[in-house]
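Down below is the structure, laid out as C-alpha cells.
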There are 2 protein chains.
Amino acid sequence: MNAAPAIQKLLDELERLPGIGPKSAQRIAYWILNTDAATALRLAEAIVEVKETVHFCSRCFNYAQDDVCEICASDRRDASIICVVSEPRDIPPIERTMVFKGVYHVLGGALSPMENIGPDDLHIAELLRRLVTEDVQEVVLATNPNVEGETTAAYLARIIKPLGVTVTRLASGLPVGGDLEFADEVTLGRAIESRLPL
Amino acid sequence: MNAAPAIQKLLDELERLPGIGPKSAQRIAYWILNTDAATALRLAEAIVEVKETVHFCSRCFNYAQDDVCEICASDRRDASIICVVSEPRDIPPIERTMVFKGVYHVLGGALSPMENIGPDDLHIAELLRRLVTEDVQEVVLATNPNVEGETTAAYLARIIKPLGVTVTRLASGLPVGGDLEFADEVTLGRAIESRLPL
C-alpha cells in the first residue's frame, strides 16, 4: 500500500472497530489527517478518558464515572422497578424510548451452557441482594429475545418469583411500522400467541 | 441519555467522523469501553501519532513521515510518469489496482470558480517545476470525473502540452462487471465515444 507507517498503523487500529471495514477505515484515517490537530486530539483524549475514568456502577453494573451511574444517582427514577439487561449497551436503546422510568441491573452477559456461562458468572447474586435490601416491586426482564436471553429470563423468573416480586418480560411481536408480510414466522407466531383484547 | 459525561464526550467525537451516525458511534463507544485498555490506547496513540508525525511530501504533496513520501522514496517506481490527483486520499485506490508503477503529484484540490479556487491555490507551479527539472515523459491526469476534475484536467493539459510532455487522462466508461442496463447516460455516452478497435 506504500502508506506512511503511522497512517498504516492508524488504518490497522481503525479496522478493529466494529462495523469498520478497510474502506471506512481509510475514509476516517484521511479525515483525521485532514482535520485540524485540535479536533483529532479531542477524539484521542476522549478515548483515553473513558478508559481511565469509566468503571462499573457499584449498584447496577452499568458504566459509571462516580461510584454509582447517572441513572442510579438520579432522584427522578423509580427505584421500585428494576429492568434487567445483559450488557450496558442495552440501556441506551431502552432510555431512548422514554417509556421506562425505573432503574437497571446489568447481568454482564447471559446464561449459555454452550459457552460455559452459568449463574455465578453473571451479576445475579447482586440482583437478589438488591431485591431483598431495596424496596423493589417489579423486575422487568429485558434480556435479548434469543436462546440465551430467554434461558436467562426463565431462570431469573424462577428464582425471583418466590421473593414475592412481580416479574415481567418485554413483549415480543410485530415491529411497529413493520409489514406483516415481512415478519419472520417466529415473531409472527409470538405476536399471535400474545394477542391482546381491544 | 443519562450516559456518563466521558461516554457522552466520546460519542460526540465519534459522531464527527465521516460515515459514523449515532448508532455506529454508540456501537464503537461500547466496543471501546468493553475492550482491554491496551487496545483502546493503541487507537488513541495512532491518532496522536499521525497528527504529530505526518506532513506533506516535499516533492509530490502526498502524506509523508519523512521529507518525501514512501512512493517518491522508492527506487522501484518509474519517476518518468507522474499521475496527478486532487487529494492524497485518491492515491490508495490507484495503488490498489497495482497497474500504475509511476509516481504522483497531489494538487491539493481542484479548480472551482464556484468555490473561488484558482490555479494558484493548487500545487500546479510545483508540478510545472517537476516537469522542467525531472525527466518526465508522461503526465496521467487522474482528477475526479466531475465538473471540477474535468476543468482541472483540461487546464493542466493546456499548460503541460507545450512543454513537450505526453498528457493522458483516465478513461471513462462502463464499470467492469457492471450492467449496461444500469449505466447512467453520461457514462454510457462516454463509453460509446471512447470505443476501442478490437
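In the C-alpha cells, chains take the letters A, B, ... in the order shown, each chain's residues start at 1, and ligands count up from 1 in the order shown.
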Here's a check: after a least-squares fit over all in-order C-alpha atoms, write chain B in the frame of chain A, as a CSV table (one decimal) with C-alpha atoms, in the first residue's frame.
chain,number,residue,atom,x,y,z
B,1,MET,CA,0.0,0.1,-0.1
B,2,ASN,CA,3.0,2.5,0.3
B,3,ALA,CA,1.3,4.5,3.1
B,4,ALA,CA,3.5,6.2,5.7
B,5,PRO,CA,3.9,3.8,8.7
B,6,ALA,CA,1.9,6.0,11.0
B,7,ILE,CA,-1.0,6.1,8.6
B,8,GLN,CA,-0.8,2.3,8.2
B,9,LYS,CA,-0.8,1.9,11.9
B,10,LEU,CA,-3.9,4.1,12.2
B,11,LEU,CA,-5.7,2.1,9.5
B,12,ASP,CA,-4.9,-1.1,11.3
B,13,GLU,CA,-6.3,0.2,14.6
B,14,LEU,CA,-9.4,1.7,12.9
B,15,GLU,CA,-10.2,-1.6,11.1
B,16,ARG,CA,-10.5,-3.3,14.5
B,17,LEU,CA,-13.5,-1.2,15.3
B,18,PRO,CA,-16.9,-2.9,14.9
B,19,GLY,CA,-18.6,-2.2,11.6
B,20,ILE,CA,-15.4,-0.5,10.2
B,21,GLY,CA,-14.0,-2.2,7.1
B,22,PRO,CA,-10.9,-1.2,5.1
B,23,LYS,CA,-12.8,1.5,3.1
B,24,SER,CA,-14.4,3.1,6.1
B,25,ALA,CA,-11.1,3.0,7.9
B,26,GLN,CA,-9.4,4.7,5.0
B,27,ARG,CA,-12.1,7.4,4.9
B,28,ILE,CA,-11.8,8.0,8.6
B,29,ALA,CA,-8.0,8.0,8.5
B,30,TYR,CA,-7.9,10.6,5.8
B,31,TRP,CA,-10.5,12.7,7.6
B,32,ILE,CA,-8.3,12.6,10.7
B,33,LEU,CA,-5.2,13.5,8.6
B,34,ASN,CA,-7.1,16.4,7.0
B,35,THR,CA,-8.9,17.8,10.1
B,36,ASP,CA,-7.3,20.3,12.5
B,37,ALA,CA,-5.0,18.9,15.2
B,38,ALA,CA,-7.3,20.0,18.0
B,39,THR,CA,-10.3,18.0,16.7
B,40,ALA,CA,-8.2,14.9,16.2
B,41,LEU,CA,-6.7,15.2,19.7
B,42,ARG,CA,-10.1,15.6,21.3
B,43,LEU,CA,-11.1,12.2,19.8
B,44,ALA,CA,-7.8,10.6,21.1
B,45,GLU,CA,-8.3,12.2,24.5
B,46,ALA,CA,-12.0,11.1,24.7
B,47,ILE,CA,-10.8,7.5,24.1
B,48,VAL,CA,-8.2,7.7,26.8
B,49,GLU,CA,-10.6,9.4,29.2
B,50,VAL,CA,-13.3,6.7,29.0
B,51,LYS,CA,-10.7,4.0,29.6
B,52,GLU,CA,-9.2,5.9,32.6
B,53,THR,CA,-12.4,7.1,34.3
B,54,VAL,CA,-15.3,4.8,33.4
B,55,HIS,CA,-15.8,1.7,35.5
B,56,PHE,CA,-18.9,-0.3,36.6
B,57,CYS,CA,-21.7,1.2,38.8
B,58,SER,CA,-21.4,-0.4,42.2
B,59,ARG,CA,-25.1,-0.9,42.4
B,60,CYS,CA,-26.3,-1.9,38.9
B,61,PHE,CA,-23.1,-2.6,36.9
B,62,ASN,CA,-23.9,-0.1,34.2
B,63,TYR,CA,-20.9,2.0,33.1
B,64,ALA,CA,-20.3,4.9,35.6
B,65,GLN,CA,-17.7,7.5,36.4
B,66,ASP,CA,-18.8,8.0,40.0
B,67,ASP,CA,-19.4,5.2,42.5
B,68,VAL,CA,-22.9,4.8,41.0
B,69,CYS,CA,-24.1,5.5,37.5
B,70,GLU,CA,-26.1,8.6,36.4
B,71,ILE,CA,-29.3,6.6,36.4
B,72,CYS,CA,-28.9,5.1,39.9
B,73,ALA,CA,-27.9,8.6,41.2
B,74,SER,CA,-30.9,10.3,39.7
B,75,ASP,CA,-33.8,11.2,42.1
B,76,ARG,CA,-36.2,11.2,39.1
B,77,ARG,CA,-36.0,7.5,38.6
B,78,ASP,CA,-38.4,5.0,40.2
B,79,ALA,CA,-36.1,2.6,42.2
B,80,SER,CA,-39.0,0.2,42.8
B,81,ILE,CA,-38.8,-1.1,39.2
B,82,ILE,CA,-35.6,-2.8,38.0
B,83,CYS,CA,-35.1,-3.5,34.4
B,84,VAL,CA,-32.6,-6.4,34.0
B,85,VAL,CA,-30.4,-6.3,30.8
B,86,SER,CA,-27.4,-8.4,29.6
B,87,GLU,CA,-25.0,-5.6,28.8
B,88,PRO,CA,-24.5,-1.8,29.5
B,89,ARG,CA,-25.0,-1.3,25.7
B,90,ASP,CA,-28.6,-2.5,26.1
B,91,ILE,CA,-29.5,0.5,28.3
B,92,PRO,CA,-29.3,3.4,25.7
B,93,PRO,CA,-31.9,1.9,23.4
B,94,ILE,CA,-34.3,1.5,26.3
B,95,GLU,CA,-33.6,5.0,27.5
B,96,ARG,CA,-34.3,6.4,24.1
B,97,THR,CA,-37.9,5.1,24.2
B,98,MET,CA,-38.5,7.4,27.2
B,99,VAL,CA,-41.1,4.8,28.4
B,100,PHE,CA,-39.1,3.3,31.2
B,101,LYS,CA,-38.7,5.4,34.3
B,102,GLY,CA,-37.2,2.8,36.7
B,103,VAL,CA,-33.6,1.7,37.3
B,104,TYR,CA,-31.4,-1.0,35.8
B,105,HIS,CA,-29.4,-4.1,36.7
B,106,VAL,CA,-26.7,-5.3,34.2
B,107,LEU,CA,-26.1,-9.0,34.3
B,108,GLY,CA,-22.8,-8.8,32.4
B,109,GLY,CA,-23.9,-11.5,29.9
B,110,ALA,CA,-26.5,-14.2,29.5
B,111,LEU,CA,-26.7,-17.9,30.6
B,112,SER,CA,-25.1,-20.1,28.0
B,113,PRO,CA,-24.3,-23.8,28.6
B,114,MET,CA,-22.5,-23.7,25.2
B,115,GLU,CA,-20.1,-21.0,26.3
B,116,ASN,CA,-20.0,-22.4,29.8
B,117,ILE,CA,-21.6,-19.3,31.3
B,118,GLY,CA,-23.6,-20.2,34.5
B,119,PRO,CA,-25.4,-18.1,37.1
B,120,ASP,CA,-22.2,-17.5,39.1
B,121,ASP,CA,-20.6,-15.7,36.1
B,122,LEU,CA,-23.4,-13.1,36.0
B,123,HIS,CA,-24.4,-10.4,38.5
B,124,ILE,CA,-27.3,-12.5,39.7
B,125,ALA,CA,-26.4,-12.7,43.4
B,126,GLU,CA,-26.1,-8.9,43.4
B,127,LEU,CA,-29.6,-8.6,41.8
B,128,LEU,CA,-31.1,-10.9,44.5
B,129,ARG,CA,-29.4,-8.8,47.2
B,130,ARG,CA,-31.0,-5.7,45.8
B,131,LEU,CA,-34.4,-7.4,45.8
B,132,VAL,CA,-34.2,-8.2,49.5
B,133,THR,CA,-32.5,-4.9,50.6
B,134,GLU,CA,-34.2,-2.4,48.4
B,135,ASP,CA,-38.0,-1.8,48.1
B,136,VAL,CA,-38.5,-3.4,44.7
B,137,GLN,CA,-42.0,-4.0,43.4
B,138,GLU,CA,-41.3,-5.2,39.8
B,139,VAL,CA,-38.4,-6.8,37.8
B,140,VAL,CA,-38.7,-6.3,34.1
B,141,LEU,CA,-36.6,-8.9,32.3
B,142,ALA,CA,-35.1,-7.3,29.2
B,143,THR,CA,-32.6,-9.9,28.1
B,144,ASN,CA,-32.3,-10.4,24.4
B,145,PRO,CA,-35.1,-12.3,22.6
B,146,ASN,CA,-32.7,-15.1,21.6
B,147,VAL,CA,-32.0,-18.6,23.1
B,148,GLU,CA,-29.5,-17.3,25.8
B,149,GLY,CA,-31.7,-14.3,26.7
B,150,GLU,CA,-34.8,-16.4,27.0
B,151,THR,CA,-33.0,-19.0,29.1
B,152,THR,CA,-31.7,-16.3,31.4
B,153,ALA,CA,-35.1,-14.7,31.7
B,154,ALA,CA,-36.7,-18.1,32.5
B,155,TYR,CA,-34.1,-18.8,35.1
B,156,LEU,CA,-34.4,-15.4,36.8
B,157,ALA,CA,-38.2,-15.6,36.8
B,158,ARG,CA,-38.0,-18.9,38.6
B,159,ILE,CA,-35.7,-17.6,41.4
B,160,ILE,CA,-37.3,-14.1,41.7
B,161,LYS,CA,-41.0,-15.0,41.9
B,162,PRO,CA,-40.7,-16.8,45.3
B,163,LEU,CA,-39.4,-13.5,46.7
B,164,GLY,CA,-42.9,-12.0,46.1
B,165,VAL,CA,-41.6,-9.5,43.4
B,166,THR,CA,-43.7,-9.1,40.2
B,167,VAL,CA,-41.6,-10.4,37.3
B,168,THR,CA,-42.4,-9.2,33.7
B,169,ARG,CA,-40.8,-9.7,30.3
B,170,LEU,CA,-40.5,-7.4,27.3
B,171,ALA,CA,-43.3,-8.3,24.8
B,172,SER,CA,-42.3,-10.0,21.6
B,173,GLY,CA,-44.4,-9.2,18.5
B,174,LEU,CA,-44.6,-7.3,15.3
B,175,PRO,CA,-42.2,-4.3,15.0
B,176,VAL,CA,-44.3,-1.1,14.9
B,177,GLY,CA,-44.4,0.3,11.4
B,178,GLY,CA,-43.4,-3.2,10.1
B,179,ASP,CA,-45.2,-5.2,7.5
B,180,LEU,CA,-47.0,-8.5,8.4
B,181,GLU,CA,-45.9,-9.9,5.1
B,182,PHE,CA,-42.2,-9.6,6.0
B,183,ALA,CA,-42.4,-10.8,9.6
B,184,ASP,CA,-40.6,-14.0,10.4
B,185,GLU,CA,-42.7,-16.9,11.5
B,186,VAL,CA,-41.4,-17.0,15.0
B,187,THR,CA,-42.1,-13.3,15.6
B,188,LEU,CA,-45.5,-13.6,14.0
B,189,GLY,CA,-46.3,-16.7,16.0
B,190,ARG,CA,-45.4,-14.9,19.2
B,191,ALA,CA,-47.5,-12.0,18.2
B,192,ILE,CA,-50.5,-14.3,17.7
B,193,GLU,CA,-50.0,-16.1,21.0
B,194,SER,CA,-49.6,-12.7,22.8
B,195,ARG,CA,-52.7,-11.1,21.2
B,196,LEU,CA,-54.4,-8.5,23.3
B,197,PRO,CA,-58.1,-7.8,23.8
B,198,LEU,CA,-59.2,-4.5,22.3
Practice prompt. Using DSSP on the backbone coordinates, identify all residues within region 89-191 of chain B classified as strand (DSSP E or B); present the result as a PyMOL selection string.
Written response: chain B and resi 102-106+112+117+138-141+166-169
Worksheet item: So which residues of region 140-197 of chain A fall under alpha helix (DSSP H) by DSSP, listed as a PyMOL selection string?
Response: chain A and resi 147-160+185-193
Suppose we keep N, CA, C and O atoms; can you now write the selection as a JSON list (two decimals), in the first residue's frame?
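Everything below was put into selection-v6.json:
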[["chain", "number", "residue", "atom", "x", "y", "z"],
["A", 147, "VAL", "N", -32.01, -17.39, 22.25],
["A", 147, "VAL", "CA", -31.98, -18.56, 23.13],
["A", 147, "VAL", "C", -31.37, -18.23, 24.49],
["A", 147, "VAL", "O", -31.96, -18.49, 25.54],
["A", 148, "GLU", "N", -30.17, -17.61, 24.49],
["A", 148, "GLU", "CA", -29.50, -17.31, 25.75],
["A", 148, "GLU", "C", -30.34, -16.34, 26.60],
["A", 148, "GLU", "O", -30.47, -16.52, 27.81],
["A", 149, "GLY", "N", -30.88, -15.31, 25.94],
["A", 149, "GLY", "CA", -31.67, -14.31, 26.66],
["A", 149, "GLY", "C", -32.93, -14.91, 27.27],
["A", 149, "GLY", "O", -33.29, -14.62, 28.42],
["A", 150, "GLU", "N", -33.60, -15.78, 26.51],
["A", 150, "GLU", "CA", -34.83, -16.41, 27.00],
["A", 150, "GLU", "C", -34.52, -17.36, 28.15],
["A", 150, "GLU", "O", -35.24, -17.42, 29.15],
["A", 151, "THR", "N", -33.41, -18.10, 28.01],
["A", 151, "THR", "CA", -32.99, -19.03, 29.08],
["A", 151, "THR", "C", -32.72, -18.25, 30.37],
["A", 151, "THR", "O", -33.15, -18.64, 31.46],
["A", 152, "THR", "N", -32.00, -17.12, 30.21],
["A", 152, "THR", "CA", -31.67, -16.29, 31.36],
["A", 152, "THR", "C", -32.93, -15.74, 32.01],
["A", 152, "THR", "O", -33.07, -15.74, 33.25],
["A", 153, "ALA", "N", -33.86, -15.27, 31.18],
["A", 153, "ALA", "CA", -35.11, -14.71, 31.70],
["A", 153, "ALA", "C", -35.90, -15.78, 32.46],
["A", 153, "ALA", "O", -36.42, -15.53, 33.56],
["A", 154, "ALA", "N", -35.97, -16.99, 31.89],
["A", 154, "ALA", "CA", -36.72, -18.07, 32.54],
["A", 154, "ALA", "C", -36.09, -18.42, 33.89],
["A", 154, "ALA", "O", -36.78, -18.60, 34.90],
["A", 155, "TYR", "N", -34.75, -18.48, 33.90],
["A", 155, "TYR", "CA", -34.04, -18.81, 35.14],
["A", 155, "TYR", "C", -34.31, -17.74, 36.20],
["A", 155, "TYR", "O", -34.61, -18.05, 37.36],
["A", 156, "LEU", "N", -34.20, -16.47, 35.80],
["A", 156, "LEU", "CA", -34.40, -15.37, 36.76],
["A", 156, "LEU", "C", -35.83, -15.36, 37.29],
["A", 156, "LEU", "O", -36.05, -15.17, 38.48],
["A", 157, "ALA", "N", -36.79, -15.58, 36.40],
["A", 157, "ALA", "CA", -38.20, -15.59, 36.82],
["A", 157, "ALA", "C", -38.40, -16.66, 37.90],
["A", 157, "ALA", "O", -39.08, -16.41, 38.91],
["A", 158, "ARG", "N", -37.79, -17.82, 37.68],
["A", 158, "ARG", "CA", -37.98, -18.94, 38.61],
["A", 158, "ARG", "C", -37.42, -18.62, 40.00],
["A", 158, "ARG", "O", -38.01, -18.97, 41.01],
["A", 159, "ILE", "N", -36.27, -17.92, 40.05],
["A", 159, "ILE", "CA", -35.70, -17.66, 41.38],
["A", 159, "ILE", "C", -36.22, -16.36, 42.00],
["A", 159, "ILE", "O", -36.13, -16.18, 43.20],
["A", 160, "ILE", "N", -36.76, -15.44, 41.18],
["A", 160, "ILE", "CA", -37.23, -14.16, 41.74],
["A", 160, "ILE", "C", -38.67, -14.24, 42.25],
["A", 160, "ILE", "O", -39.01, -13.67, 43.28],
["A", 185, "GLU", "N", -41.55, -16.03, 10.86],
["A", 185, "GLU", "CA", -42.61, -16.87, 11.43],
["A", 185, "GLU", "C", -42.59, -16.87, 12.95],
["A", 185, "GLU", "O", -43.63, -16.88, 13.60],
["A", 186, "VAL", "N", -41.39, -16.90, 13.53],
["A", 186, "VAL", "CA", -41.31, -16.98, 15.00],
["A", 186, "VAL", "C", -41.91, -15.73, 15.63],
["A", 186, "VAL", "O", -42.71, -15.80, 16.56],
["A", 187, "THR", "N", -41.52, -14.56, 15.08],
["A", 187, "THR", "CA", -42.04, -13.29, 15.61],
["A", 187, "THR", "C", -43.55, -13.21, 15.43],
["A", 187, "THR", "O", -44.29, -12.84, 16.35],
["A", 188, "LEU", "N", -44.01, -13.58, 14.23],
["A", 188, "LEU", "CA", -45.44, -13.52, 13.95],
["A", 188, "LEU", "C", -46.19, -14.50, 14.84],
["A", 188, "LEU", "O", -47.27, -14.19, 15.38],
["A", 189, "GLY", "N", -45.61, -15.70, 15.02],
["A", 189, "GLY", "CA", -46.24, -16.69, 15.91],
["A", 189, "GLY", "C", -46.37, -16.16, 17.32],
["A", 189, "GLY", "O", -47.41, -16.30, 17.96],
["A", 190, "ARG", "N", -45.29, -15.50, 17.79],
["A", 190, "ARG", "CA", -45.32, -14.92, 19.13],
["A", 190, "ARG", "C", -46.38, -13.81, 19.23],
["A", 190, "ARG", "O", -47.07, -13.67, 20.24],
["A", 191, "ALA", "N", -46.50, -13.03, 18.15],
["A", 191, "ALA", "CA", -47.49, -11.95, 18.14],
["A", 191, "ALA", "C", -48.91, -12.51, 18.24],
["A", 191, "ALA", "O", -49.78, -11.91, 18.88],
["A", 192, "ILE", "N", -49.14, -13.67, 17.60],
["A", 192, "ILE", "CA", -50.48, -14.28, 17.66],
["A", 192, "ILE", "C", -50.74, -14.82, 19.07],
["A", 192, "ILE", "O", -51.78, -14.55, 19.68],
["A", 193, "GLU", "N", -49.75, -15.55, 19.61],
["A", 193, "GLU", "CA", -49.90, -16.08, 20.98],
["A", 193, "GLU", "C", -50.14, -14.97, 22.00],
["A", 193, "GLU", "O", -50.91, -15.14, 22.94]]
